[in-house]
Amino acid sequence: MEDPDGRYPWARRDTDGYRKAFRYFVESCRELAPDVRFVWSPKGHRNLTGYYPGDDVVDAIGIPVWGLQKMDVDYWGRERSFGETLGEKYRRVEGFGKPVMVAELGVSGSPDYKRAWYAEIFDRNTYRDRFPLLTAVVFFNDKEPYKWPLGYGSPDWRLDKASLAALVADGAKNVSRPTQ
């Protein structure tokens with residue numbers, strides 16, 4: 001909704017119209033299913049606040065987090081971590097006081113780049129204190145359907161089964177578990 005580059009046809013730069021449409025949708029759904037929860041999921045740009053539809057119609061906030069190695073190096077001059085990339089958008093939404101989820105997570109790059117990102121994601125202790133409102137991470141396990149701007153093409157965000165199994169095994173070693 002708040003993406004100003006024209007990549008998505010539904011991003012019309014109409015804050016009032018968007019907020020009204022979101023509220024109408026939630027209120028209509030609640031008439032039929034009063035216990036349903038609703039996620040407001042902006043792209044995470046600096047102008048997202050103008051699109052916030054209100055505490056009474058938002059139960060959680062979703063943000064996308066993308067690790068694209070080539071873009072990191074081109075834009076930032078270095079590879080960025082999951083926590084650094086998440087932190088930029090998290091700071092923009094934490095003031096709403098709602099649970100936060102990574103609604104779309106994708107990582108594309110060399111095996112070492114991807115391994116570093118996934119190791120950090122699976123080690124909840126590395127970000128629990130930094131991101132206390134973070135409750136879930138949802139993987140976007142597909143090839144990007146829209147070309148990224150600036151010649152980055154359609155990154156492949158898929159995580160193969162062998163890599164996932166290795167990450168889960170490594171992550172299980174790092175995740176603290178309650179004792180009984």
# chains A, B, ... in the order shown; residues from 1 in each chain; ligands from 1
>>> select_by_dssp(residues="range 87-122 of chain A", states="helix (DSSP H, G or I)", output="number ranges by chain")
A: 87-96, 111-122
>>> closest_atom_pairs(of="range 33-94 of chain A", to="range 122-133 of chain A", cutoff="10 Å", atoms="only C-alpha atoms", output="tab-separated table")
residue	atom	partner	partner_atom	distance
A:Ala60	CA	A:Leu133	CA	9.7
A:Ile61	CA	A:Leu133	CA	9.7
A:Phe82	CA	A:Tyr127	CA	9.4
A:Gly83	CA	A:Tyr127	CA	6.8
A:Leu86	CA	A:Phe131	CA	8.9
A:Gly87	CA	A:Phe131	CA	7.8
A:Tyr90	CA	A:Phe131	CA	7.5
A:Arg91	CA	A:Phe131	CA	9.0
A:Val93	CA	A:Leu133	CA	9.8
A:Glu94	CA	A:Leu133	CA	7.2
>>> write_last_selection(atoms="N, CA and C atoms", output="JSON list (two decimals), in the first residue's frame")
[["chain", "number", "residue", "atom", "x", "y", "z"],
["A", 60, "ALA", "N", -2.44, -7.77, 14.57],
["A", 60, "ALA", "CA", -1.00, -8.01, 14.45],
["A", 60, "ALA", "C", -0.51, -7.25, 13.23],
["A", 61, "ILE", "N", 0.80, -7.04, 13.20],
["A", 61, "ILE", "CA", 1.42, -6.33, 12.07],
["A", 61, "ILE", "C", 2.42, -7.27, 11.41],
["A", 82, "PHE", "N", 20.08, -10.84, 9.05],
["A", 82, "PHE", "CA", 18.64, -10.89, 9.28],
["A", 82, "PHE", "C", 18.24, -9.84, 10.31],
["A", 83, "GLY", "N", 18.93, -9.81, 11.44],
["A", 83, "GLY", "CA", 18.58, -8.87, 12.50],
["A", 83, "GLY", "C", 18.69, -7.42, 12.08],
["A", 86, "LEU", "N", 15.73, -6.85, 9.53],
["A", 86, "LEU", "CA", 14.47, -6.82, 10.26],
["A", 86, "LEU", "C", 14.37, -5.55, 11.11],
["A", 87, "GLY", "N", 15.44, -5.18, 11.77],
["A", 87, "GLY", "CA", 15.43, -4.05, 12.69],
["A", 87, "GLY", "C", 14.97, -2.75, 12.06],
["A", 90, "TYR", "N", 11.19, -3.16, 11.77],
["A", 90, "TYR", "CA", 10.62, -3.38, 13.09],
["A", 90, "TYR", "C", 10.50, -2.06, 13.85],
["A", 91, "ARG", "N", 11.52, -1.24, 13.80],
["A", 91, "ARG", "CA", 11.49, 0.06, 14.50],
["A", 91, "ARG", "C", 10.34, 0.94, 14.00],
["A", 93, "VAL", "N", 7.35, -0.14, 13.14],
["A", 93, "VAL", "CA", 6.04, -0.64, 13.54],
["A", 93, "VAL", "C", 5.91, -0.95, 15.03],
["A", 94, "GLU", "N", 7.00, -1.01, 15.76],
["A", 94, "GLU", "CA", 6.90, -1.41, 17.16],
["A", 94, "GLU", "C", 6.09, -0.43, 18.01]]
>>> closest_residue(among="A:Trp157, A:Phe25, A:Trp40, A:Tyr118", to="Val100 in chain A", atoms="only C-alpha atoms")
A:Trp40
>>> residues_around(residues="range 50-58 of chain A", least_positions_apart="5", cutoff="7 Å", atoms="only C-alpha atoms", output="CSV table (one decimal) with C-alpha atoms, in the first residue's frame")
chain,number,residue,atom,x,y,z
A,15,THR,CA,-4.0,6.8,2.6
A,18,TYR,CA,-6.8,2.5,2.0
A,19,ARG,CA,-7.7,3.0,5.7
A,22,PHE,CA,-9.3,-2.0,5.4
A,23,ARG,CA,-11.7,-0.9,8.1
A,26,VAL,CA,-12.5,-6.1,8.8
A,38,PHE,CA,-6.5,-9.5,11.2
A,39,VAL,CA,-3.0,-8.7,10.1
A,40,TRP,CA,-2.0,-5.3,8.7
>>> residues_around(residues="Val107 in chain A", least_positions_apart="4", cutoff="6 Å", atoms="only C-alpha atoms", output="list in words")
Trp66, Gly67, Leu68 and Trp157 of chain A
>>> select_by_dssp(residues="range 82-172 of chain A", states="strand (DSSP E or B)", output="list in words")
Val100, Met101, Val102, Ala103, Glu104, Leu105, Gly106, Val107, Ser108, Leu134, Thr135, Ala136, Val137, Val138, Phe139, Lys143, Trp148, Gly153 and Asp156 of chain A
>>> write_last_selection(atoms="C-alpha atoms", output="PDB file, in the first residue's frame")
ATOM      1  CA  VAL A 100       4.775  -8.364  14.876  1.00  0.00           C
ATOM      2  CA  MET A 101       5.373 -11.130  12.385  1.00  0.00           C
ATOM      3  CA  VAL A 102       7.682 -11.445   9.429  1.00  0.00           C
ATOM      4  CA  ALA A 103       4.863 -12.031   6.957  1.00  0.00           C
ATOM      5  CA  GLU A 104       7.190 -12.802   4.054  1.00  0.00           C
ATOM      6  CA  LEU A 105      10.789 -13.925   4.479  1.00  0.00           C
ATOM      7  CA  GLY A 106      13.061 -14.614   1.544  1.00  0.00           C
ATOM      8  CA  VAL A 107      16.807 -15.112   1.319  1.00  0.00           C
ATOM      9  CA  SER A 108      18.710 -15.333  -1.947  1.00  0.00           C
ATOM     10  CA  LEU A 134       8.195 -10.640  17.090  1.00  0.00           C
ATOM     11  CA  THR A 135       5.947 -13.706  17.258  1.00  0.00           C
ATOM     12  CA  ALA A 136       6.301 -15.507  13.909  1.00  0.00           C
ATOM     13  CA  VAL A 137       8.345 -15.806  10.728  1.00  0.00           C
ATOM     14  CA  VAL A 138       6.606 -16.974   7.548  1.00  0.00           C
ATOM     15  CA  PHE A 139       8.818 -18.181   4.706  1.00  0.00           C
ATOM     16  CA  LYS A 143      10.608 -17.721  -6.887  1.00  0.00           C
ATOM     17  CA  TRP A 148      12.791  -6.487  -8.651  1.00  0.00           C
ATOM     18  CA  GLY A 153      15.385  -9.873 -11.708  1.00  0.00           C
ATOM     19  CA  ASP A 156      14.700 -17.399  -5.989  1.00  0.00           C
TER      20      ASP A 156
END
>>> residues_around(residues="Pro149 in chain A", least_positions_apart="3", cutoff="10 Å", atoms="only C-alpha atoms", output="number ranges by chain")
A: 5, 7, 146, 152-154
>>> residues_around(residues="Ser81 in chain A", least_positions_apart="3", cutoff="9 Å", atoms="only C-alpha atoms", output="list of chain:residue names")
A:Gly67, A:Glu84, A:Thr85, A:Leu86, A:Tyr113, A:Ala116, A:Trp117, A:Glu120
>>> residues_around(residues="Arg13 in chain A", least_positions_apart="3", cutoff="10 Å", atoms="only C-alpha atoms", output="list in words")
Met1, Glu2, Asp3, Pro4, Gly6, Trp10, Asp16, Gly17, Tyr18, Gly50 and Tyr51 of chain A
